[in-house]
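Peer 1: Quick one, protein-v1.cif (mmCIF, N, CA and C atoms):
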```
data_start
#
loop_
_atom_site.label_atom_id
_atom_site.label_comp_id
_atom_site.auth_asym_id
_atom_site.auth_seq_id
_atom_site.Cartn_x
_atom_site.Cartn_y
_atom_site.Cartn_z
N MET A 1 0.86 -1.16 0.00
CA MET A 1 0.00 0.00 0.00
C MET A 1 0.92 1.23 0.00
N ASP A 2 0.89 1.99 -1.07
CA ASP A 2 1.73 3.19 -1.13
C ASP A 2 1.02 4.37 -0.46
N ILE A 3 1.69 5.51 -0.45
CA ILE A 3 1.14 6.67 0.26
C ILE A 3 -0.19 7.12 -0.36
N GLY A 4 -0.33 6.99 -1.67
CA GLY A 4 -1.60 7.36 -2.32
C GLY A 4 -2.76 6.55 -1.79
N ARG A 5 -2.58 5.26 -1.64
CA ARG A 5 -3.64 4.39 -1.13
C ARG A 5 -3.90 4.67 0.36
N ILE A 6 -2.84 4.94 1.12
CA ILE A 6 -3.02 5.27 2.53
C ILE A 6 -3.86 6.54 2.66
N LEU A 7 -3.59 7.54 1.82
CA LEU A 7 -4.36 8.78 1.85
C LEU A 7 -5.82 8.56 1.47
N GLU A 8 -6.09 7.54 0.65
CA GLU A 8 -7.48 7.21 0.29
C GLU A 8 -8.25 6.64 1.47
N VAL A 9 -7.58 5.81 2.28
CA VAL A 9 -8.30 5.10 3.35
C VAL A 9 -8.27 5.81 4.70
N LEU A 10 -7.25 6.61 4.96
CA LEU A 10 -7.15 7.31 6.24
C LEU A 10 -7.42 8.80 6.06
N PRO A 11 -8.06 9.43 7.03
CA PRO A 11 -8.30 10.87 6.94
C PRO A 11 -7.10 11.72 7.39
N HIS A 12 -6.09 11.11 7.99
CA HIS A 12 -4.95 11.84 8.54
C HIS A 12 -4.14 12.50 7.42
N ARG A 13 -3.59 13.68 7.73
CA ARG A 13 -2.73 14.40 6.81
C ARG A 13 -1.55 14.96 7.58
N TYR A 14 -0.54 15.44 6.84
CA TYR A 14 0.63 16.06 7.45
C TYR A 14 0.18 17.16 8.39
N PRO A 15 0.75 17.28 9.57
CA PRO A 15 1.89 16.51 10.09
C PRO A 15 1.48 15.31 10.93
N PHE A 16 0.22 14.89 10.85
CA PHE A 16 -0.23 13.80 11.71
C PHE A 16 -0.42 12.47 11.01
N LEU A 17 -0.08 12.37 9.74
CA LEU A 17 -0.04 11.07 9.09
C LEU A 17 1.30 10.46 9.44
N LEU A 18 1.30 9.36 10.18
CA LEU A 18 2.53 8.83 10.76
C LEU A 18 2.97 7.51 10.15
N ILE A 19 2.47 7.19 8.96
CA ILE A 19 2.99 6.04 8.22
C ILE A 19 3.25 6.49 6.78
N ASP A 20 4.30 5.97 6.20
CA ASP A 20 4.67 6.32 4.83
C ASP A 20 4.26 5.26 3.81
N ARG A 21 4.19 4.02 4.26
CA ARG A 21 3.90 2.89 3.39
C ARG A 21 3.46 1.71 4.22
N ILE A 22 2.75 0.80 3.61
CA ILE A 22 2.49 -0.50 4.23
C ILE A 22 3.03 -1.53 3.25
N ILE A 23 4.07 -2.25 3.68
CA ILE A 23 4.80 -3.10 2.74
C ILE A 23 4.29 -4.53 2.67
N GLU A 24 3.59 -4.97 3.69
CA GLU A 24 3.00 -6.31 3.67
C GLU A 24 1.61 -6.21 4.25
N VAL A 25 0.65 -6.81 3.55
CA VAL A 25 -0.73 -6.80 4.04
C VAL A 25 -1.35 -8.16 3.78
N ASP A 26 -1.97 -8.72 4.81
CA ASP A 26 -2.76 -9.94 4.67
C ASP A 26 -4.16 -9.60 5.18
N GLY A 27 -4.95 -8.92 4.33
CA GLY A 27 -6.28 -8.47 4.73
C GLY A 27 -6.16 -7.61 5.96
N ASP A 28 -7.01 -7.88 6.95
CA ASP A 28 -6.84 -7.18 8.23
C ASP A 28 -6.20 -8.10 9.28
N ASN A 29 -5.62 -9.22 8.80
CA ASN A 29 -4.98 -10.17 9.72
C ASN A 29 -3.60 -9.72 10.19
N SER A 30 -2.80 -9.20 9.26
CA SER A 30 -1.45 -8.76 9.62
C SER A 30 -0.92 -7.81 8.57
N GLY A 31 0.09 -7.07 8.96
CA GLY A 31 0.71 -6.15 8.03
C GLY A 31 1.93 -5.50 8.66
N ILE A 32 2.71 -4.83 7.80
CA ILE A 32 3.88 -4.10 8.27
C ILE A 32 3.83 -2.71 7.66
N GLY A 33 3.71 -1.72 8.54
CA GLY A 33 3.74 -0.32 8.12
C GLY A 33 5.12 0.26 8.33
N ILE A 34 5.44 1.29 7.55
CA ILE A 34 6.76 1.92 7.61
C ILE A 34 6.62 3.40 7.94
N LYS A 35 7.46 3.87 8.85
CA LYS A 35 7.60 5.30 9.14
C LYS A 35 9.07 5.64 9.05
N ASN A 36 9.42 6.53 8.11
CA ASN A 36 10.78 7.03 8.01
C ASN A 36 10.89 8.29 8.87
N VAL A 37 11.66 8.22 9.92
CA VAL A 37 11.80 9.34 10.84
C VAL A 37 12.88 10.28 10.29
N THR A 38 12.50 11.53 10.01
CA THR A 38 13.47 12.49 9.49
C THR A 38 13.60 13.67 10.45
N PHE A 39 14.78 14.27 10.44
CA PHE A 39 15.04 15.40 11.32
C PHE A 39 14.20 16.62 10.95
N ASN A 40 13.67 16.66 9.74
CA ASN A 40 12.88 17.80 9.27
C ASN A 40 11.48 17.86 9.88
N GLU A 41 11.08 16.85 10.62
CA GLU A 41 9.73 16.85 11.19
C GLU A 41 9.62 17.90 12.28
N PRO A 42 8.48 18.62 12.32
CA PRO A 42 8.33 19.72 13.27
C PRO A 42 8.45 19.31 14.74
N ILE A 43 8.20 18.06 15.05
CA ILE A 43 8.26 17.60 16.45
C ILE A 43 9.64 17.78 17.06
N PHE A 44 10.68 17.73 16.21
CA PHE A 44 12.04 17.79 16.73
C PHE A 44 12.50 19.20 17.11
N GLN A 45 11.68 20.19 16.82
CA GLN A 45 12.01 21.55 17.28
C GLN A 45 11.94 21.62 18.80
N GLY A 46 11.11 20.78 19.41
CA GLY A 46 10.97 20.84 20.86
C GLY A 46 11.14 19.52 21.57
N HIS A 47 11.38 18.43 20.86
CA HIS A 47 11.43 17.10 21.50
C HIS A 47 12.67 16.35 21.04
N PHE A 48 13.75 16.49 21.54
CA PHE A 48 14.26 17.51 22.44
C PHE A 48 15.41 18.21 21.75
N PRO A 49 15.54 19.53 21.85
CA PRO A 49 16.66 20.22 21.20
C PRO A 49 18.00 19.63 21.67
N GLY A 50 18.83 19.27 20.73
CA GLY A 50 20.13 18.68 21.06
C GLY A 50 20.09 17.20 21.32
N GLU A 51 18.93 16.63 21.51
CA GLU A 51 18.77 15.19 21.77
C GLU A 51 17.43 14.73 21.17
N PRO A 52 17.30 14.76 19.83
CA PRO A 52 16.01 14.46 19.20
C PRO A 52 15.56 13.02 19.42
N VAL A 53 14.33 12.89 19.94
CA VAL A 53 13.71 11.58 20.18
C VAL A 53 12.30 11.64 19.62
N PHE A 54 11.94 10.65 18.81
CA PHE A 54 10.58 10.56 18.28
C PHE A 54 9.66 10.14 19.42
N PRO A 55 8.61 10.92 19.73
CA PRO A 55 7.77 10.64 20.90
C PRO A 55 7.08 9.28 20.87
N GLY A 56 7.06 8.64 22.01
CA GLY A 56 6.42 7.33 22.14
C GLY A 56 4.94 7.36 21.77
N VAL A 57 4.24 8.44 22.12
CA VAL A 57 2.81 8.51 21.79
C VAL A 57 2.60 8.53 20.28
N LEU A 58 3.57 9.08 19.53
CA LEU A 58 3.45 9.07 18.07
C LEU A 58 3.76 7.69 17.50
N ILE A 59 4.60 6.94 18.19
CA ILE A 59 4.84 5.55 17.79
C ILE A 59 3.54 4.75 17.95
N ILE A 60 2.85 4.94 19.07
CA ILE A 60 1.57 4.26 19.29
C ILE A 60 0.57 4.68 18.21
N GLU A 61 0.51 5.95 17.90
CA GLU A 61 -0.40 6.44 16.85
C GLU A 61 -0.05 5.81 15.50
N GLY A 62 1.22 5.66 15.20
CA GLY A 62 1.63 4.99 13.95
C GLY A 62 1.17 3.54 13.91
N MET A 63 1.23 2.87 15.05
CA MET A 63 0.73 1.50 15.13
C MET A 63 -0.77 1.48 14.81
N ALA A 64 -1.51 2.39 15.45
CA ALA A 64 -2.96 2.44 15.27
C ALA A 64 -3.32 2.81 13.82
N GLN A 65 -2.59 3.74 13.22
CA GLN A 65 -2.87 4.11 11.83
C GLN A 65 -2.62 2.94 10.88
N THR A 66 -1.57 2.18 11.14
CA THR A 66 -1.30 1.00 10.31
C THR A 66 -2.44 0.00 10.42
N ALA A 67 -2.87 -0.30 11.64
CA ALA A 67 -3.98 -1.24 11.85
C ALA A 67 -5.26 -0.72 11.21
N GLY A 68 -5.54 0.58 11.36
CA GLY A 68 -6.74 1.16 10.77
C GLY A 68 -6.73 1.12 9.26
N ALA A 69 -5.60 1.45 8.65
CA ALA A 69 -5.49 1.40 7.18
C ALA A 69 -5.70 -0.02 6.68
N MET A 70 -5.15 -1.00 7.39
CA MET A 70 -5.33 -2.40 7.00
C MET A 70 -6.80 -2.79 7.07
N ALA A 71 -7.47 -2.41 8.16
CA ALA A 71 -8.88 -2.79 8.36
C ALA A 71 -9.77 -2.16 7.28
N ILE A 72 -9.57 -0.87 7.00
CA ILE A 72 -10.40 -0.21 6.00
C ILE A 72 -10.12 -0.76 4.61
N ALA A 73 -8.84 -0.94 4.27
CA ALA A 73 -8.49 -1.46 2.95
C ALA A 73 -8.98 -2.88 2.74
N ALA A 74 -9.11 -3.64 3.83
CA ALA A 74 -9.57 -5.03 3.73
C ALA A 74 -11.08 -5.12 3.52
N GLY A 75 -11.76 -3.97 3.52
CA GLY A 75 -13.19 -4.00 3.26
C GLY A 75 -14.06 -3.84 4.48
N ALA A 76 -13.46 -3.60 5.63
CA ALA A 76 -14.25 -3.43 6.85
C ALA A 76 -15.15 -2.20 6.74
N ALA A 77 -14.81 -1.29 5.83
CA ALA A 77 -15.57 -0.05 5.70
C ALA A 77 -16.74 -0.17 4.73
N GLY A 78 -16.84 -1.26 4.01
CA GLY A 78 -17.98 -1.45 3.11
C GLY A 78 -18.00 -0.50 1.92
N GLY A 79 -16.84 0.04 1.52
CA GLY A 79 -16.76 0.85 0.32
C GLY A 79 -17.06 2.34 0.50
N GLN A 80 -17.48 2.77 1.67
CA GLN A 80 -17.72 4.20 1.87
C GLN A 80 -16.65 4.80 2.77
N LYS A 81 -16.63 6.13 2.88
CA LYS A 81 -15.62 6.81 3.71
C LYS A 81 -15.82 6.46 5.18
N HIS A 82 -14.71 6.08 5.81
CA HIS A 82 -14.75 5.71 7.22
C HIS A 82 -13.58 6.34 7.96
N ILE A 83 -13.71 6.37 9.26
CA ILE A 83 -12.66 6.85 10.14
C ILE A 83 -12.44 5.78 11.20
N VAL A 84 -11.22 5.70 11.68
CA VAL A 84 -10.89 4.72 12.72
C VAL A 84 -10.60 5.47 14.00
N TYR A 85 -11.28 5.09 15.06
CA TYR A 85 -11.07 5.69 16.38
C TYR A 85 -10.27 4.74 17.26
N LEU A 86 -9.19 5.23 17.82
CA LEU A 86 -8.41 4.46 18.77
C LEU A 86 -9.19 4.37 20.08
N LEU A 87 -9.43 3.16 20.57
CA LEU A 87 -10.23 2.96 21.78
C LEU A 87 -9.42 2.55 23.00
N THR A 88 -8.46 1.66 22.78
CA THR A 88 -7.70 1.16 23.92
C THR A 88 -6.23 1.01 23.57
N ILE A 89 -5.40 1.17 24.57
CA ILE A 89 -3.97 0.86 24.48
C ILE A 89 -3.64 0.05 25.72
N ASP A 90 -3.25 -1.18 25.53
CA ASP A 90 -2.95 -2.07 26.65
C ASP A 90 -1.55 -2.65 26.49
N LYS A 91 -0.99 -3.06 27.61
CA LYS A 91 0.31 -3.74 27.64
C LYS A 91 1.39 -2.97 26.88
N CYS A 92 1.35 -1.66 26.99
CA CYS A 92 2.28 -0.80 26.26
C CYS A 92 3.63 -0.75 26.97
N LYS A 93 4.69 -0.95 26.19
CA LYS A 93 6.05 -0.87 26.73
C LYS A 93 6.93 -0.17 25.70
N PHE A 94 7.72 0.77 26.19
CA PHE A 94 8.72 1.43 25.36
C PHE A 94 10.08 0.90 25.78
N ARG A 95 10.84 0.40 24.83
CA ARG A 95 12.10 -0.25 25.15
C ARG A 95 13.33 0.56 24.75
N LYS A 96 13.25 1.26 23.63
CA LYS A 96 14.37 2.09 23.14
C LYS A 96 13.78 3.27 22.40
N PRO A 97 14.49 4.38 22.35
CA PRO A 97 13.97 5.53 21.61
C PRO A 97 14.19 5.38 20.10
N ALA A 98 13.33 6.05 19.34
CA ALA A 98 13.52 6.19 17.89
C ALA A 98 14.06 7.59 17.66
N ARG A 99 14.98 7.70 16.69
CA ARG A 99 15.66 8.96 16.44
C ARG A 99 15.62 9.28 14.93
N PRO A 100 15.93 10.53 14.58
CA PRO A 100 16.00 10.86 13.15
C PRO A 100 16.95 9.91 12.42
N GLY A 101 16.53 9.49 11.24
CA GLY A 101 17.30 8.53 10.46
C GLY A 101 16.81 7.10 10.62
N ASP A 102 16.00 6.85 11.66
CA ASP A 102 15.47 5.50 11.87
C ASP A 102 14.33 5.20 10.92
N ARG A 103 14.19 3.94 10.58
CA ARG A 103 13.05 3.44 9.81
C ARG A 103 12.27 2.53 10.75
N ILE A 104 11.12 3.02 11.20
CA ILE A 104 10.30 2.23 12.12
C ILE A 104 9.39 1.32 11.31
N GLU A 105 9.41 0.04 11.65
CA GLU A 105 8.48 -0.93 11.07
C GLU A 105 7.41 -1.22 12.11
N TYR A 106 6.16 -1.02 11.74
CA TYR A 106 5.04 -1.34 12.62
C TYR A 106 4.51 -2.71 12.24
N HIS A 107 4.82 -3.71 13.02
CA HIS A 107 4.34 -5.08 12.77
C HIS A 107 3.02 -5.25 13.51
N ILE A 108 1.97 -5.47 12.74
CA ILE A 108 0.61 -5.53 13.29
C ILE A 108 0.04 -6.92 13.04
N ARG A 109 -0.62 -7.46 14.07
CA ARG A 109 -1.28 -8.76 13.94
C ARG A 109 -2.64 -8.68 14.63
N LYS A 110 -3.68 -9.06 13.91
CA LYS A 110 -5.02 -9.03 14.49
C LYS A 110 -5.15 -10.09 15.57
N LEU A 111 -5.66 -9.67 16.73
CA LEU A 111 -5.94 -10.60 17.81
C LEU A 111 -7.38 -11.11 17.73
N ARG A 112 -8.32 -10.17 17.51
CA ARG A 112 -9.73 -10.55 17.37
C ARG A 112 -10.50 -9.39 16.75
N ARG A 113 -11.68 -9.72 16.26
CA ARG A 113 -12.54 -8.72 15.66
C ARG A 113 -13.97 -9.03 16.04
N ARG A 114 -14.72 -7.96 16.34
CA ARG A 114 -16.13 -8.12 16.63
C ARG A 114 -16.86 -6.95 15.99
N MET A 115 -17.61 -7.23 14.96
CA MET A 115 -18.36 -6.22 14.21
C MET A 115 -17.44 -5.08 13.76
N THR A 116 -17.62 -3.88 14.27
CA THR A 116 -16.82 -2.74 13.83
C THR A 116 -15.57 -2.52 14.68
N MET A 117 -15.33 -3.39 15.65
CA MET A 117 -14.19 -3.23 16.54
C MET A 117 -13.14 -4.30 16.29
N GLY A 118 -11.87 -3.89 16.46
CA GLY A 118 -10.78 -4.83 16.29
C GLY A 118 -9.70 -4.59 17.32
N TRP A 119 -8.99 -5.64 17.69
CA TRP A 119 -7.90 -5.56 18.63
C TRP A 119 -6.67 -6.16 17.96
N PHE A 120 -5.55 -5.44 18.09
CA PHE A 120 -4.34 -5.80 17.37
C PHE A 120 -3.13 -5.81 18.29
N GLU A 121 -2.23 -6.78 18.06
CA GLU A 121 -0.92 -6.78 18.69
C GLU A 121 -0.02 -5.96 17.78
N ALA A 122 0.75 -5.04 18.35
CA ALA A 122 1.59 -4.16 17.55
C ALA A 122 2.99 -4.09 18.14
N LYS A 123 3.98 -4.13 17.25
CA LYS A 123 5.37 -3.98 17.66
C LYS A 123 6.02 -2.95 16.73
N ALA A 124 6.78 -2.05 17.32
CA ALA A 124 7.58 -1.10 16.56
C ALA A 124 9.01 -1.61 16.57
N ILE A 125 9.59 -1.78 15.39
CA ILE A 125 10.91 -2.39 15.26
C ILE A 125 11.81 -1.48 14.44
N VAL A 126 13.03 -1.25 14.94
CA VAL A 126 14.05 -0.49 14.22
C VAL A 126 15.28 -1.38 14.11
N ASP A 127 15.74 -1.62 12.89
CA ASP A 127 16.93 -2.45 12.64
C ASP A 127 16.86 -3.79 13.35
N GLY A 128 15.69 -4.42 13.33
CA GLY A 128 15.52 -5.74 13.92
C GLY A 128 15.33 -5.76 15.43
N VAL A 129 15.30 -4.59 16.08
CA VAL A 129 15.16 -4.51 17.53
C VAL A 129 13.79 -3.92 17.87
N VAL A 130 13.04 -4.61 18.74
CA VAL A 130 11.75 -4.09 19.18
C VAL A 130 11.99 -2.88 20.07
N ILE A 131 11.43 -1.72 19.65
CA ILE A 131 11.60 -0.51 20.46
C ILE A 131 10.34 -0.18 21.26
N ALA A 132 9.20 -0.73 20.84
CA ALA A 132 7.94 -0.50 21.56
C ALA A 132 6.97 -1.60 21.18
N GLU A 133 6.02 -1.86 22.08
CA GLU A 133 4.98 -2.83 21.78
C GLU A 133 3.73 -2.48 22.57
N ALA A 134 2.60 -2.90 22.04
CA ALA A 134 1.31 -2.63 22.69
C ALA A 134 0.24 -3.47 22.05
N GLU A 135 -0.89 -3.54 22.72
CA GLU A 135 -2.12 -4.05 22.11
C GLU A 135 -3.03 -2.84 21.95
N VAL A 136 -3.52 -2.63 20.74
CA VAL A 136 -4.39 -1.48 20.47
C VAL A 136 -5.76 -1.97 20.04
N GLY A 137 -6.77 -1.27 20.49
CA GLY A 137 -8.15 -1.55 20.09
C GLY A 137 -8.69 -0.36 19.34
N ALA A 138 -9.45 -0.62 18.30
CA ALA A 138 -9.97 0.46 17.48
C ALA A 138 -11.36 0.13 16.96
N MET A 139 -12.07 1.19 16.56
CA MET A 139 -13.41 1.03 16.01
C MET A 139 -13.46 1.75 14.66
N VAL A 140 -13.99 1.07 13.64
CA VAL A 140 -14.21 1.66 12.33
C VAL A 140 -15.62 2.23 12.32
N SER A 141 -15.74 3.51 11.97
CA SER A 141 -17.02 4.21 11.99
C SER A 141 -17.20 5.00 10.71
N PRO A 142 -18.43 5.10 10.18
CA PRO A 142 -18.64 5.93 8.99
C PRO A 142 -18.23 7.38 9.24
N SER A 143 -17.57 7.97 8.26
CA SER A 143 -17.16 9.37 8.37
C SER A 143 -18.36 10.28 8.12
N GLU A 144 -18.38 11.41 8.81
CA GLU A 144 -19.47 12.36 8.64
C GLU A 144 -19.19 13.30 7.48
N GLN A 145 -18.06 13.16 6.82
CA GLN A 145 -17.72 14.04 5.68
C GLN A 145 -17.71 13.29 4.40
#
```
Reformat the file's structure so that it appears as structure tokens.

Peer 2:
Amino acid sequence: MDIGRILEVLPHRYPFLLIDRIIEVDGDNSGIGIKNVTFNEPIFQGHFPGEPVFPGVLIIEGMAQTAGAMAIAAGAAGGQKHIVYLLTIDKCKFRKPARPGDRIEYHIRKLRRRMTMGWFEAKAIVDGVVIAEAEVGAMVSPSEQ
């Protein structure tokens, strides 16, 4: 799924679109999203000057956006415009920071699905090392726009 397709399925836009590509997709069962962290991102003006670290909450958001894009693209939206709402974050652990120049891989695996809700296991990986992990729950809802 390239950036054009991601923009079709997700309502997020710069600077809050936190995935650049999804390189592997198996319906809404599993996938791998990519975020290329660059020093040019506005977040690094204040987080932190002289010691740039990509915020953990944005890593979690990238996980959720990857899961949401997978769910909508897999047909959970029924062909109309939808939005994905993050509902839960469980078992969240941050292990190492992400920095400019890193390529974060969001490895997502569906745990279960019930109607419009889904729960996913998510891992953020940089150079083969898990830097964060969580279970995220989300709901797909029709967009009002």

Peer 1: For the atom pair atom N of Arg114 in chain A and atom C of Ala138 in chain A, what is the interatomic distance in Å to one decimal place?

Peer 2: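 Separation of atom N of Arg114 in chain A and atom C of Ala138 in chain A: 8.8 Å.
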
Peer 1: Please return, as a PyMOL selection string, all residues of chain A that DSSP assigns to strand (DSSP E) on the basis of the backbone.

Peer 2: chain A and resi 21-26+30-36+82-94+103-114+117-126+129-142

Peer 1: Given the file above and the PyMOL selection byres ((chain A and resi 44-58) around 7), which residues are selected, and can you give them as a list in words?

Peer 2: Leu18, Phe39, Asn40, Glu41, Pro42, Ile43, Ile59, Ile60, Glu61, Gly62, Met63, Pro97, Ala98, Arg99 and Pro100 of chain A

Peer 1: Suppose a student applies the PyMOL selection byres (((chain A and resi 83 and name CA) around 9) and name CA) to this structure; what residues should they get, written as a VMD selection string?

Peer 2: chain A and resid 9 to 11 68 72 77 81 to 82 84 to 85 139 to 144

Peer 1: Write out, as a CSV table (one decimal), keeping the file's coordinate frame, the residues just selected, with N, CA and C atoms.

Peer 2:
```csv
chain,number,residue,atom,x,y,z
A,9,VAL,N,-7.6,5.8,2.3
A,9,VAL,CA,-8.3,5.1,3.4
A,9,VAL,C,-8.3,5.8,4.7
A,10,LEU,N,-7.2,6.6,5.0
A,10,LEU,CA,-7.2,7.3,6.2
A,10,LEU,C,-7.4,8.8,6.1
A,11,PRO,N,-8.1,9.4,7.0
A,11,PRO,CA,-8.3,10.9,6.9
A,11,PRO,C,-7.1,11.7,7.4
A,68,GLY,N,-5.5,0.6,11.4
A,68,GLY,CA,-6.7,1.2,10.8
A,68,GLY,C,-6.7,1.1,9.3
A,72,ILE,N,-9.6,-0.9,7.0
A,72,ILE,CA,-10.4,-0.2,6.0
A,72,ILE,C,-10.1,-0.8,4.6
A,77,ALA,N,-14.8,-1.3,5.8
A,77,ALA,CA,-15.6,0.0,5.7
A,77,ALA,C,-16.7,-0.2,4.7
A,81,LYS,N,-16.6,6.1,2.9
A,81,LYS,CA,-15.6,6.8,3.7
A,81,LYS,C,-15.8,6.5,5.2
A,82,HIS,N,-14.7,6.1,5.8
A,82,HIS,CA,-14.8,5.7,7.2
A,82,HIS,C,-13.6,6.3,8.0
A,84,VAL,N,-11.2,5.7,11.7
A,84,VAL,CA,-10.9,4.7,12.7
A,84,VAL,C,-10.6,5.5,14.0
A,85,TYR,N,-11.3,5.1,15.1
A,85,TYR,CA,-11.1,5.7,16.4
A,85,TYR,C,-10.3,4.7,17.3
A,139,MET,N,-12.1,1.2,16.6
A,139,MET,CA,-13.4,1.0,16.0
A,139,MET,C,-13.5,1.8,14.7
A,140,VAL,N,-14.0,1.1,13.6
A,140,VAL,CA,-14.2,1.7,12.3
A,140,VAL,C,-15.6,2.2,12.3
A,141,SER,N,-15.7,3.5,12.0
A,141,SER,CA,-17.0,4.2,12.0
A,141,SER,C,-17.2,5.0,10.7
A,142,PRO,N,-18.4,5.1,10.2
A,142,PRO,CA,-18.6,5.9,9.0
A,142,PRO,C,-18.2,7.4,9.2
A,143,SER,N,-17.6,8.0,8.3
A,143,SER,CA,-17.2,9.4,8.4
A,143,SER,C,-18.4,10.3,8.1
A,144,GLU,N,-18.4,11.4,8.8
A,144,GLU,CA,-19.5,12.4,8.6
A,144,GLU,C,-19.2,13.3,7.5
```

Peer 1: In Å, with one decimal, what is the gap from CA of Leu87 in chain A to CA of Thr38 in chain A?

Peer 2: 28.3 Å

Peer 1: Please return, as a list in words, all residues of range 28-134 of chain A that DSSP assigns to alpha helix (DSSP H) on the basis of the backbone.

Peer 2: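 Selection result, alpha helix (DSSP H) within range 28-134 of chain A: Gly56, Val57, Leu58, Ile59, Ile60, Glu61, Gly62, Met63, Ala64, Gln65, Thr66, Ala67, Gly68, Ala69, Met70 and Ala71 of chain A.
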
Peer 1: Pull out every residue that the PyMOL selection byres ((chain A and resi 103) around 7) matches in the shown coordinates and put them as a PyMOL selection string.

Peer 2: chain A and resi 34-37+100-102+104-105+125-127

Peer 1: Return as AutoDock Vina command-line options the centre and edge lengths, in Å with one decimal, of the box along x, y and z that encloses every atom of range 29-40 of chain A in the file, padded by 4 Å per side.

Peer 2:
```
--center_x 4.7 --center_y 3.8 --center_z 9.4 --size_x 28.7 --size_y 36.0 --size_z 11.8
```

Peer 1: Do you know which residues lie at most 9 Å from (-0.3, -4.7, 1.8), with coordinates as in the file and only C-alpha atoms counted, and could you write them as a ChimeraX atom specification?

Peer 2: /A:1-2,21-27,30-33,70,73

Peer 1: Work out how far apart atom N of Cys92 in chain A and atom C of Ala134 in chain A are and give it in Å to one decimal.

Peer 2: 5.4 Å

Peer 1: Please list as a compact mmCIF listing (two decimals) with N, CA and C atoms, in the frame of the given file every residue within 6 Å of Glu135 in chain A, counting only C-alpha atoms and excluding residues in the same chain fewer than 6 positions away.

Peer 2:
```txt
# COMPACT_ATOMS: atom_id res chain seq x y z
N ILE A 89 -5.40 1.17 24.57
CA ILE A 89 -3.97 0.86 24.48
C ILE A 89 -3.64 0.05 25.72
N ASP A 90 -3.25 -1.18 25.53
CA ASP A 90 -2.95 -2.07 26.65
C ASP A 90 -1.55 -2.65 26.49
N PHE A 120 -5.55 -5.44 18.09
CA PHE A 120 -4.34 -5.80 17.37
C PHE A 120 -3.13 -5.81 18.29
N GLU A 121 -2.23 -6.78 18.06
CA GLU A 121 -0.92 -6.78 18.69
C GLU A 121 -0.02 -5.96 17.78
N ALA A 122 0.75 -5.04 18.35
CA ALA A 122 1.59 -4.16 17.55
C ALA A 122 2.99 -4.09 18.14
```

Peer 1: Name the closest residue to Val136 in chain A among the candidates A:Ala64, A:Ala69, A:Lys93, A:Asp20; distances are taken between atoms, counting all atoms listed in the file.

Peer 2: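 Among the listed residues, A:Ala64 lies closest to Val136 in chain A.
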
Peer 1: List the spatial neighbours of Lys123 in chain A as a PyMOL selection string - criterion: any atom at most 6 Å away, all atoms listed in the file, same-chain residues fewer than 6 positions off excluded.

Peer 2: chain A and resi 105-108+132-134
